[in-house]
>>> print(open('my_file.cif').read())   # mmCIF, C-alpha atoms and all ligand atoms
data_data
loop_
_atom_site.label_atom_id
_atom_site.label_comp_id
_atom_site.auth_asym_id
_atom_site.auth_seq_id
_atom_site.Cartn_x
_atom_site.Cartn_y
_atom_site.Cartn_z
CA MET A 1 -27.05 44.45 26.93
CA ARG A 2 -26.97 42.83 30.36
CA MET A 3 -26.11 39.18 30.97
CA TYR A 4 -28.49 39.18 33.92
CA ASP A 5 -31.48 39.90 31.63
CA ILE A 6 -30.44 37.16 29.17
CA LEU A 7 -30.15 34.66 32.01
CA HIS A 8 -33.48 35.68 33.46
CA ARG A 9 -35.28 35.38 30.11
CA LYS A 10 -33.78 31.95 29.37
CA ARG A 11 -34.58 30.77 32.90
CA GLN A 12 -38.21 31.73 32.21
CA GLY A 13 -38.08 29.53 29.10
CA GLU A 14 -38.16 32.37 26.56
CA ALA A 15 -36.39 32.18 23.19
CA LEU A 16 -33.39 34.52 23.06
CA ARG A 17 -32.96 37.06 20.28
CA GLU A 18 -30.15 36.65 17.73
CA GLU A 19 -28.31 39.76 18.98
CA GLU A 20 -28.42 38.50 22.56
CA ILE A 21 -26.86 35.15 21.64
CA ARG A 22 -24.18 36.74 19.46
CA TRP A 23 -23.36 39.28 22.15
CA PHE A 24 -23.01 36.54 24.79
CA VAL A 25 -20.65 34.42 22.66
CA GLN A 26 -18.50 37.36 21.63
CA ALA A 27 -18.27 38.84 25.14
CA TYR A 28 -17.60 35.47 26.83
CA THR A 29 -14.84 34.62 24.35
CA ALA A 30 -13.28 38.04 24.95
CA GLY A 31 -13.24 37.42 28.72
CA GLN A 32 -15.86 40.10 29.43
CA ILE A 33 -18.39 37.74 31.00
CA PRO A 34 -17.38 35.78 34.11
CA ASP A 35 -17.51 31.98 34.18
CA TYR A 36 -20.33 31.99 36.78
CA GLN A 37 -22.68 33.79 34.38
CA ALA A 38 -21.66 31.59 31.44
CA ALA A 39 -22.23 28.52 33.64
CA ALA A 40 -25.69 29.85 34.56
CA PHE A 41 -26.37 30.31 30.84
CA CYS A 42 -25.43 26.67 30.12
CA MET A 43 -27.57 25.46 33.02
CA ALA A 44 -30.56 27.55 31.87
CA VAL A 45 -30.19 26.10 28.33
CA CYS A 46 -29.92 22.58 29.78
CA CYS A 47 -33.15 23.05 31.74
CA ARG A 48 -35.16 25.14 29.25
CA GLY A 49 -33.71 24.09 25.88
CA MET A 50 -33.36 26.18 22.73
CA THR A 51 -35.31 26.37 19.50
CA GLY A 52 -33.70 25.21 16.24
CA GLU A 53 -33.19 28.87 15.27
CA GLU A 54 -31.53 29.76 18.59
CA THR A 55 -29.26 26.71 18.23
CA ALA A 56 -28.30 27.73 14.68
CA VAL A 57 -27.43 31.27 15.79
CA LEU A 58 -25.44 29.99 18.79
CA THR A 59 -23.52 27.63 16.48
CA ASP A 60 -22.84 30.32 13.92
CA ALA A 61 -21.61 32.73 16.60
CA MET A 62 -19.32 30.05 18.09
CA MET A 63 -17.98 29.15 14.64
CA ARG A 64 -17.13 32.83 14.01
CA SER A 65 -15.38 33.20 17.38
CA GLY A 66 -12.10 32.06 15.75
CA GLU A 67 -10.50 30.98 12.49
CA CYS A 68 -12.70 29.62 9.69
CA VAL A 69 -10.87 27.41 7.19
CA ASP A 70 -11.58 28.28 3.56
CA LEU A 71 -11.88 25.11 1.44
CA GLY A 72 -13.34 27.05 -1.51
CA ARG A 73 -10.52 25.80 -3.77
CA PHE A 74 -12.10 22.29 -3.59
CA GLY A 75 -15.49 23.53 -4.82
CA ASP A 76 -18.46 21.39 -3.81
CA ARG A 77 -16.31 18.28 -3.37
CA SER A 78 -14.98 18.90 0.14
CA VAL A 79 -16.43 16.50 2.67
CA ASP A 80 -16.00 15.86 6.37
CA LYS A 81 -17.19 13.07 8.64
CA HIS A 82 -17.72 13.40 12.36
CA SER A 83 -18.52 10.82 14.99
CA THR A 84 -20.04 11.96 18.28
CA GLY A 85 -17.55 9.66 19.98
CA GLY A 86 -17.28 6.01 20.78
CA VAL A 87 -15.13 3.01 21.62
CA GLY A 88 -13.21 1.25 18.86
CA ASP A 89 -14.38 3.82 16.29
CA LYS A 90 -11.65 3.97 13.68
CA THR A 91 -13.85 4.68 10.65
CA THR A 92 -12.08 7.97 9.77
CA LEU A 93 -9.00 5.93 8.77
CA ILE A 94 -11.12 3.95 6.32
CA VAL A 95 -13.77 6.33 4.98
CA SER A 96 -11.36 9.19 4.24
CA PRO A 97 -9.21 7.18 1.77
CA ILE A 98 -12.34 5.63 0.25
CA ALA A 99 -13.83 9.09 -0.38
CA ALA A 100 -10.52 10.57 -1.60
CA SER A 101 -9.89 7.68 -3.98
CA CYS A 102 -13.31 8.36 -5.56
CA GLY A 103 -12.61 12.06 -6.18
CA ALA A 104 -13.83 13.80 -3.02
CA TYR A 105 -11.56 16.06 -0.93
CA VAL A 106 -11.17 15.29 2.76
CA ALA A 107 -9.33 18.09 4.61
CA LYS A 108 -9.84 16.75 8.08
CA MET A 109 -9.07 18.12 11.52
CA SER A 110 -9.55 15.51 14.21
CA GLY A 111 -9.48 15.45 17.99
CA ARG A 112 -7.82 13.45 20.75
CA GLY A 113 -9.58 10.97 22.99
CA LEU A 114 -10.84 11.92 26.42
CA GLY A 115 -12.33 9.64 29.08
CA HIS A 116 -13.48 6.30 27.72
CA THR A 117 -13.66 7.41 24.06
CA GLY A 118 -10.80 7.32 21.56
CA GLY A 119 -9.56 10.08 19.24
CA THR A 120 -8.25 9.87 15.68
CA VAL A 121 -5.15 11.99 16.33
CA ASP A 122 -3.98 9.59 19.08
CA LYS A 123 -4.50 6.64 16.73
CA LEU A 124 -2.52 8.29 13.91
CA GLU A 125 0.38 9.05 16.24
CA SER A 126 0.97 5.31 16.59
CA ILE A 127 2.14 5.25 12.95
CA PRO A 128 5.95 5.76 12.95
CA GLY A 129 6.83 9.19 11.56
CA TYR A 130 3.25 10.40 10.98
CA ARG A 131 2.95 14.17 11.56
CA THR A 132 -0.39 15.30 12.98
CA GLU A 133 0.75 18.93 12.83
CA LEU A 134 1.28 20.45 9.38
CA THR A 135 1.56 24.07 8.32
CA ARG A 136 -1.55 25.37 6.54
CA GLU A 137 0.43 25.26 3.28
CA GLU A 138 1.49 21.60 3.79
CA PHE A 139 -2.08 20.67 4.73
CA PHE A 140 -3.61 22.11 1.56
CA THR A 141 -0.81 20.70 -0.60
CA ALA A 142 -1.46 17.21 0.82
CA VAL A 143 -5.20 17.52 0.12
CA GLU A 144 -4.51 18.71 -3.41
CA ARG A 145 -1.99 15.93 -4.12
CA VAL A 146 -3.67 12.96 -2.43
CA GLY A 147 -7.28 14.09 -2.00
CA MET A 148 -7.00 13.97 1.79
CA ALA A 149 -5.05 14.91 4.91
CA VAL A 150 -5.80 14.42 8.59
CA ILE A 151 -4.26 16.70 11.22
CA GLY A 152 -4.99 17.75 14.80
CA GLN A 153 -7.48 20.52 15.37
CA SER A 154 -6.10 24.05 15.04
CA GLY A 155 -5.90 25.87 18.39
CA ASN A 156 -7.96 28.77 17.09
CA LEU A 157 -10.91 26.78 15.73
CA ALA A 158 -14.11 27.82 17.58
CA PRO A 159 -12.39 29.14 20.76
CA ALA A 160 -15.82 29.93 22.23
CA ASP A 161 -16.53 26.19 22.22
CA LYS A 162 -13.21 25.45 23.89
CA LYS A 163 -14.09 27.77 26.80
CA LEU A 164 -17.71 26.68 27.04
CA TYR A 165 -16.91 22.96 26.81
CA ALA A 166 -14.38 23.19 29.68
CA LEU A 167 -17.05 24.94 31.74
CA ARG A 168 -19.79 22.45 30.85
CA ASP A 169 -17.51 19.59 31.79
CA VAL A 170 -17.38 20.75 35.43
CA THR A 171 -20.93 22.12 35.79
CA ALA A 172 -22.95 19.04 34.77
CA THR A 173 -24.12 20.73 31.56
CA VAL A 174 -22.61 18.50 28.89
CA ASP A 175 -25.66 16.43 28.02
CA SER A 176 -27.90 19.08 26.51
CA ILE A 177 -28.94 18.61 22.88
CA PRO A 178 -28.63 22.30 21.83
CA LEU A 179 -25.27 22.61 23.61
CA ILE A 180 -23.84 19.41 22.09
CA ALA A 181 -25.21 20.29 18.64
CA SER A 182 -23.71 23.80 18.72
CA SER A 183 -20.40 22.52 20.12
CA VAL A 184 -19.94 19.81 17.47
CA MET A 185 -21.27 21.84 14.55
CA SER A 186 -19.35 25.06 15.33
CA LYS A 187 -16.08 23.11 14.93
CA LYS A 188 -17.24 21.22 11.85
CA LEU A 189 -18.48 24.39 10.15
CA ALA A 190 -15.27 26.28 11.01
CA ALA A 191 -13.26 23.42 9.46
CA GLY A 192 -14.81 24.46 6.16
CA ALA A 193 -16.21 21.37 4.36
CA ARG A 194 -19.23 21.96 2.11
CA ASN A 195 -20.57 18.49 2.95
CA ILE A 196 -20.73 16.89 6.38
CA VAL A 197 -21.67 13.33 7.33
CA LEU A 198 -22.41 12.85 11.02
CA ASP A 199 -22.21 9.53 12.83
CA VAL A 200 -24.43 9.95 15.88
CA LYS A 201 -23.63 7.18 18.35
CA ILE A 202 -26.33 5.66 20.54
CA GLY A 203 -25.86 3.38 23.54
CA SER A 204 -23.90 2.82 26.74
CA GLY A 205 -20.62 4.06 25.25
CA ALA A 206 -22.16 7.22 23.78
CA PHE A 207 -23.46 10.57 25.04
CA MET A 208 -26.91 9.69 23.71
CA LYS A 209 -28.17 6.63 25.53
CA THR A 210 -31.46 6.10 23.63
CA GLU A 211 -32.48 6.08 19.98
CA GLU A 212 -34.94 8.90 20.66
CA GLU A 213 -32.24 11.19 22.08
CA GLY A 214 -29.86 10.27 19.25
CA ARG A 215 -32.47 11.10 16.63
CA GLU A 216 -33.22 14.45 18.26
CA LEU A 217 -29.52 15.36 18.35
CA ALA A 218 -29.07 14.24 14.73
CA GLU A 219 -32.06 16.29 13.55
CA ARG A 220 -30.82 19.34 15.40
CA MET A 221 -27.31 19.06 13.92
CA VAL A 222 -28.59 18.49 10.37
CA HIS A 223 -30.87 21.52 10.73
CA VAL A 224 -28.05 23.70 12.07
CA GLY A 225 -25.66 22.65 9.28
CA GLU A 226 -28.24 23.38 6.61
CA ALA A 227 -29.15 26.67 8.21
CA CYS A 228 -25.47 27.59 7.85
CA GLY A 229 -25.52 26.66 4.16
CA ARG A 230 -23.90 23.18 4.21
CA ARG A 231 -25.18 19.81 3.01
CA VAL A 232 -25.46 17.52 6.00
CA CYS A 233 -26.77 14.06 6.80
CA ALA A 234 -26.50 11.88 9.88
CA LEU A 235 -26.42 8.15 10.50
CA LEU A 236 -27.68 6.84 13.84
CA THR A 237 -25.42 3.95 14.83
CA ASP A 238 -24.88 1.61 17.74
CA MET A 239 -22.40 2.25 20.53
CA ASP A 240 -23.66 -0.27 23.10
CA THR A 241 -20.82 -2.48 22.03
CA PRO A 242 -17.38 -1.43 20.64
CA LEU A 243 -16.98 -1.20 16.88
CA GLY A 244 -14.83 -3.99 15.43
CA HIS A 245 -12.59 -6.10 17.67
CA ALA A 246 -9.79 -3.65 18.51
CA VAL A 247 -9.81 -0.91 21.15
CA GLY A 248 -6.58 1.07 21.64
CA ASN A 249 -4.54 3.19 19.30
CA ALA A 250 -2.06 1.00 17.37
CA LEU A 251 -4.45 -1.96 17.55
CA GLU A 252 -7.16 0.14 15.91
CA VAL A 253 -4.85 1.35 13.15
CA ASP A 254 -3.96 -2.30 12.45
CA GLU A 255 -7.64 -3.17 12.27
CA ALA A 256 -8.43 -0.26 9.93
CA ALA A 257 -5.55 -1.44 7.72
CA ALA A 258 -7.12 -4.92 7.61
CA VAL A 259 -10.37 -3.40 6.30
CA LEU A 260 -8.45 -1.38 3.69
CA ARG A 261 -6.76 -4.62 2.56
CA GLY A 262 -10.22 -6.12 2.00
CA GLY A 263 -10.72 -8.01 5.29
CA GLY A 264 -11.36 -6.88 8.86
CA PRO A 265 -14.47 -7.20 11.04
CA GLU A 266 -17.83 -7.20 9.31
CA ASP A 267 -19.43 -4.43 11.45
CA LEU A 268 -16.52 -2.05 10.91
CA ARG A 269 -16.51 -2.69 7.19
CA ARG A 270 -20.29 -2.26 6.93
CA LEU A 271 -20.41 1.00 8.88
CA SER A 272 -17.42 2.40 6.97
CA LEU A 273 -19.15 1.66 3.66
CA ALA A 274 -22.39 3.24 4.88
CA LEU A 275 -20.60 6.43 5.92
CA ALA A 276 -18.49 6.54 2.75
CA THR A 277 -21.68 6.12 0.69
CA ASP A 278 -23.17 9.27 2.23
CA MET A 279 -19.87 11.15 1.88
CA LEU A 280 -19.78 10.35 -1.85
CA ALA A 281 -23.49 10.96 -2.40
CA LEU A 282 -23.24 14.45 -0.88
CA SER A 283 -19.88 15.56 -2.25
CA LEU A 284 -20.12 14.10 -5.78
CA GLY A 285 -23.91 14.56 -6.13
CA LEU A 286 -24.48 10.83 -6.72
CA ALA A 287 -27.56 8.71 -6.09
CA ARG A 288 -26.93 6.62 -2.99
CA THR A 289 -26.99 3.31 -4.89
CA GLU A 290 -24.24 4.52 -7.20
CA ALA A 291 -22.28 6.05 -4.31
CA SER A 292 -22.49 2.74 -2.48
CA GLN A 293 -21.17 0.82 -5.52
CA ARG A 294 -18.27 3.24 -5.90
CA ALA A 295 -17.35 2.97 -2.21
CA GLU A 296 -17.45 -0.84 -2.35
CA GLN A 297 -15.38 -0.85 -5.52
CA ALA A 298 -12.76 1.47 -3.98
CA LEU A 299 -12.24 -1.03 -1.18
CA GLN A 300 -12.33 -4.15 -3.34
CA SER A 301 -10.00 -2.84 -6.04
CA GLY A 302 -7.37 -1.70 -3.51
CA ALA A 303 -7.74 1.94 -4.65
CA ALA A 304 -8.64 3.09 -1.12
CA CYS A 305 -5.64 1.23 0.32
CA GLU A 306 -3.31 2.86 -2.23
CA THR A 307 -4.71 6.29 -1.37
CA ALA A 308 -4.19 5.56 2.34
CA ALA A 309 -0.53 4.66 1.67
CA ARG A 310 0.02 7.91 -0.27
CA TRP A 311 -1.72 9.92 2.45
CA ILE A 312 0.38 8.45 5.27
CA ALA A 313 3.62 8.91 3.31
CA GLU A 314 2.65 12.50 2.45
CA GLN A 315 2.35 13.23 6.18
CA GLY A 316 5.77 11.69 6.93
CA GLY A 317 4.56 8.26 8.08
CA ASP A 318 5.79 4.82 7.10
CA PRO A 319 2.86 3.14 5.26
CA SER A 320 4.51 -0.29 4.90
CA PHE A 321 2.19 -1.84 7.54
CA LEU A 322 -0.73 -1.22 5.19
CA THR A 323 0.58 -3.50 2.50
CA ASP A 324 2.76 -6.07 4.28
CA GLY A 325 0.32 -6.40 7.22
CA HIS A 326 2.95 -6.20 10.00
CA ALA A 327 1.45 -5.19 13.36
CA LEU A 328 2.11 -1.75 14.84
CA THR A 329 1.43 -3.04 18.37
CA HIS A 330 4.34 -4.28 20.52
CA ALA A 331 3.15 -4.34 24.13
CA THR A 332 5.33 -6.07 26.73
CA VAL A 333 2.39 -7.53 28.67
CA GLU A 334 -0.41 -9.64 27.15
CA MET A 335 -3.13 -10.89 29.47
CA PRO A 336 -5.91 -13.15 28.13
CA VAL A 337 -9.44 -13.18 29.58
CA TYR A 338 -11.18 -16.58 29.49
CA ALA A 339 -14.91 -17.42 29.73
CA GLN A 340 -15.80 -18.78 33.17
CA HIS A 341 -18.82 -20.68 31.82
CA ALA A 342 -20.40 -21.68 28.54
CA GLY A 343 -23.29 -19.84 26.88
CA TYR A 344 -23.67 -16.83 24.60
CA LEU A 345 -21.96 -13.49 24.88
CA THR A 346 -24.96 -11.23 25.47
CA GLN A 347 -23.21 -7.93 26.15
CA THR A 348 -19.88 -6.19 25.66
CA ASP A 349 -20.43 -2.92 27.45
CA ALA A 350 -18.70 -0.24 25.37
CA GLU A 351 -18.16 2.28 28.14
CA SER A 352 -16.50 -0.29 30.44
CA VAL A 353 -14.29 -1.61 27.63
CA GLY A 354 -13.22 1.99 26.94
CA ARG A 355 -12.45 2.48 30.64
CA ALA A 356 -10.44 -0.75 30.81
CA ALA A 357 -8.43 0.33 27.74
CA ALA A 358 -7.77 3.74 29.34
CA VAL A 359 -6.47 2.03 32.51
CA LEU A 360 -4.07 0.03 30.31
CA GLY A 361 -2.71 3.31 28.93
CA ALA A 362 -4.78 3.72 25.74
CA GLY A 363 -6.72 6.75 26.98
CA ARG A 364 -6.44 9.70 29.28
CA THR A 365 -8.47 11.01 32.16
CA ARG A 366 -6.72 14.42 32.06
CA LYS A 367 -5.67 16.33 28.97
CA GLU A 368 -1.98 16.16 29.99
CA ASP A 369 -1.90 12.33 30.37
CA ARG A 370 0.47 10.49 28.02
CA ILE A 371 -0.96 7.82 25.73
CA ASP A 372 0.70 4.43 25.31
CA PRO A 373 0.10 3.57 21.63
CA ASP A 374 0.61 -0.17 22.29
CA ALA A 375 -2.03 -0.40 25.01
CA GLY A 376 -5.51 -1.74 24.33
CA ILE A 377 -7.81 -4.71 24.07
CA LEU A 378 -8.61 -7.23 21.35
CA LEU A 379 -12.10 -8.66 21.70
CA TYR A 380 -12.44 -12.13 20.21
CA LYS A 381 -16.21 -12.46 20.58
CA LYS A 382 -19.16 -10.29 19.56
CA PRO A 383 -22.58 -10.23 21.28
CA GLY A 384 -24.56 -13.22 20.01
CA ASP A 385 -21.50 -15.49 19.64
CA ALA A 386 -21.55 -18.88 21.36
CA VAL A 387 -18.86 -19.31 24.01
CA GLU A 388 -17.27 -22.47 25.48
CA ARG A 389 -16.11 -22.60 29.09
CA GLY A 390 -12.41 -21.62 29.16
CA GLU A 391 -12.52 -20.09 25.68
CA MET A 392 -10.55 -16.88 25.17
CA LEU A 393 -12.85 -13.84 25.10
CA ALA A 394 -10.25 -11.07 24.88
CA VAL A 395 -6.59 -10.16 25.30
CA LEU A 396 -5.36 -7.07 27.13
CA TYR A 397 -2.15 -5.36 25.92
CA THR A 398 -0.10 -2.94 28.00
CA ASN A 399 3.37 -1.74 28.91
CA ARG A 400 2.17 -1.08 32.49
CA PRO A 401 2.18 -4.46 34.26
CA SER A 402 0.60 -2.89 37.38
CA ALA A 403 -2.46 -1.79 35.37
CA ALA A 404 -3.31 -5.15 33.86
CA GLU A 405 -5.23 -6.62 36.81
CA GLU A 406 -7.41 -3.57 37.37
CA ALA A 407 -8.22 -3.44 33.64
CA GLN A 408 -8.92 -7.18 33.61
CA ALA A 409 -11.46 -6.78 36.44
CA ILE A 410 -13.23 -3.97 34.57
CA LEU A 411 -13.26 -5.98 31.37
CA ARG A 412 -14.68 -9.07 33.10
CA HIS A 413 -17.58 -6.91 34.25
CA ALA A 414 -18.08 -5.58 30.73
CA LEU A 415 -18.49 -9.06 29.20
CA THR A 416 -21.74 -10.86 30.05
CA VAL A 417 -22.11 -14.55 29.16
CA SER A 418 -25.67 -15.95 29.58
CA GLU A 419 -27.53 -19.12 28.65
CA ALA A 420 -30.01 -17.51 26.25
CA CYS A 421 -28.93 -16.33 22.82
CA PRO A 422 -29.57 -12.55 22.59
CA ALA A 423 -31.60 -10.86 19.83
CA PRO A 424 -29.48 -9.98 16.77
CA HIS A 425 -27.39 -6.90 17.27
CA ARG A 426 -28.40 -3.75 15.35
CA LEU A 427 -25.58 -1.63 13.93
CA LEU A 428 -27.52 1.02 11.98
CA TYR A 429 -30.60 2.59 13.56
CA GLY A 430 -31.47 5.06 10.86
CA ARG A 431 -30.57 8.14 8.90
CA VAL A 432 -31.49 11.81 9.06
CA GLU A 433 -31.06 13.79 5.89
CA SER A 434 -31.71 17.23 4.51
CA GLY A 435 -35.17 18.48 5.17
CA THR A 436 -36.55 21.87 4.46
CA ALA A 437 -34.49 23.97 6.86
CA GLY A 438 -34.10 27.46 5.43
CA ALA A 439 -30.90 29.47 5.53
CA VAL A 440 -31.27 31.09 8.94
CA VAL A 441 -27.70 32.32 9.02
CA GLN A 442 -25.32 33.00 6.18
CA ASN A 443 -22.19 31.19 5.14
CA PRO A 444 -18.96 32.81 6.35
N1 LIG A 501 -18.35 16.49 21.48
C1 LIG A 501 -18.19 17.83 21.35
O1 LIG A 501 -17.35 18.30 20.58
N2 LIG A 501 -18.99 18.62 22.08
C2 LIG A 501 -19.93 18.17 22.94
O2 LIG A 501 -20.62 18.96 23.54
C3 LIG A 501 -20.08 16.78 23.06
C4 LIG A 501 -19.27 15.96 22.30
#
>>> encode(input="my_file.cif", output="structure tokens", more="lines below")
Ligand code: URA
Amino acid sequence: MRMYDILHRKRQGEALREEEIRWFVQAYTAGQIPDYQAAAFCMAVCCRGMTGEETAVLTDAMMRSGECVDLGRFGDRSVDKHSTGGVGDKTTLIVSPIAASCGAYVAKMSGRGLGHTGGTVDKLESIPGYRTELTREEFFTAVERVGMAVIGQSGNLAPADKKLYALRDVTATVDSIPLIASSVMSKKLAAGARNIVLDVKIGSGAFMKTEEEGRELAERMVHVGEACGRRVCALLTDMDTPLGHAVGNALEVDEAAAVLRGGGPEDLRRLSLALATDMLALSLGLARTEASQRAEQALQSGAACETAARWIAEQGGDPSFLTDGHALTHATVEMPVYAQHAGYLTQTDAESVGRAAAVLGAGRTRKEDRIDPDAGILLYKKPGDAVERGEMLAVLYTNRPSAAEEAQAILRHALTVSEACPAPHRLLYGRVESGTAGAVVQNP
């Protein structure tokens, strides 16, 4: 097989054959295809697209390029949740204990944040003592004992994606629906859960800027997951504005804890319950109304909070903040941002808030950058809220005094106060669930 012929055929807009796609993934992972040809492949896919079947084969080949976790011991009850990335998205810390306290098994491998988006592993590292690296034995024991564990992603999970993603990042080929779908799903499938709930973010802080693009990505990922023999559904949710009030690692853990104690911001609580409902419906085979009642009950009764405390302790962390409510954040600099005129908050631009938080130390622009767990932003107003002149809109937290002014300028730009009250803010755009996709490729 020759890479030149594959590139030529894709450039002409032809569908590639299964053996061509599998050969490309295997040979590129093994270092037998140079980066310039792999980059040309990504560009050709960006420009010409891929069919659902091509995407499923590409995903399957990428999944098989490394280790595949076997969660067979948990039967049909293993469930994973994946967000395509956003600002202030701490739902994993809430939905996992809800699902585990209801009898599902959540054996979760999460990522770190990059750019303006946050990552669950960075958030968890702000809990004193919490170990994000466990041996395989410790990981499975934790899932068996508590019903859940959350660790960093294993280095050998979908190595083909690791190489391709690094290449896409520098060749302007990230925002292609088949490439994003295969990248996300190859890792999720390799992580082994029988059931997968996807949270596809739409808006300024997300990869998908419009509802139409988000729906297309969600449909493609659901199709690919089903074609690989898993049960998958996707929620389409807003990322024009950050989720909840907190952005930044320790601040977000504190906010997730508030939801687990029965309080917290309404949007975060609502989205967490919606995701947990689908996790329970898929993994326990429940009707969605019953799954929703069980999820709600797990929060209200404190069962989810108790499970979260057992989970954190099992992974070496101190869970006392969950019950006594003490804050994990101790930044040395706090800088408030006040409204310069009265009106309504019409926009809180998620991408800019994420960038401001990264400047404060909550995120990284390069993989090697160190995170400051205390850094971040608390937003006191949501779009649609009335604002008085001089009222506090947000507070910035950092241990880098020199960063505060730059972050404040970015944040000021992110917050728009206007005279007219905006239309009500939509959190949930829709849902994509199992259709009729046949098993195009087999389960590992
Ligand atoms: N997240 C991924 O893992 N891959 C992409 O291509 C985009 C977002």
>>> axis_aligned_box(input="my_file.cif", around="stretch 380-394 of chain A", padding_each_side="6 Å", output="JSON")
{"center_x": -17.4, "center_y": -16.4, "center_z": 24.4, "size_x": 26.3, "size_y": 24.4, "size_z": 21.6}
>>> atom_distance(input="my_file.cif", atom1="atom CA of A:Gly118", atom2="atom CA of A:Asn249")
7.8 Å
>>> residues_near_ligand(input="my_file.cif", ligand="ligand LIG 501 (chain A)", cutoff="9 Å", atoms="all atoms listed in the file", output="ChimeraX atom specification")
/A:83-85,111,161-162,164-165,168-169,173-187,207
>>> atom_distance(input="my_file.cif", atom1="atom CA of A:His341", atom2="atom CA of A:Val387")
7.9 Å
>>> residues_around(input="my_file.cif", residues="stretch 36-41 of chain A", least_positions_apart="4", cutoff="9 Å", atoms="only C-alpha atoms", output="ChimeraX atom specification")
/A:3-4,6-7,10-11,24,28,45-46,164,167-168,171,173
>>> residues_near_point(input="my_file.cif", point="(-14.5, -13.5, 19.3)", cutoff="12 Å", atoms="only C-alpha atoms", output="count of residues only")
27
>>> atom_distance(input="my_file.cif", atom1="atom CA of A:Arg412", atom2="atom CA of A:Gln347")
11.1 Å
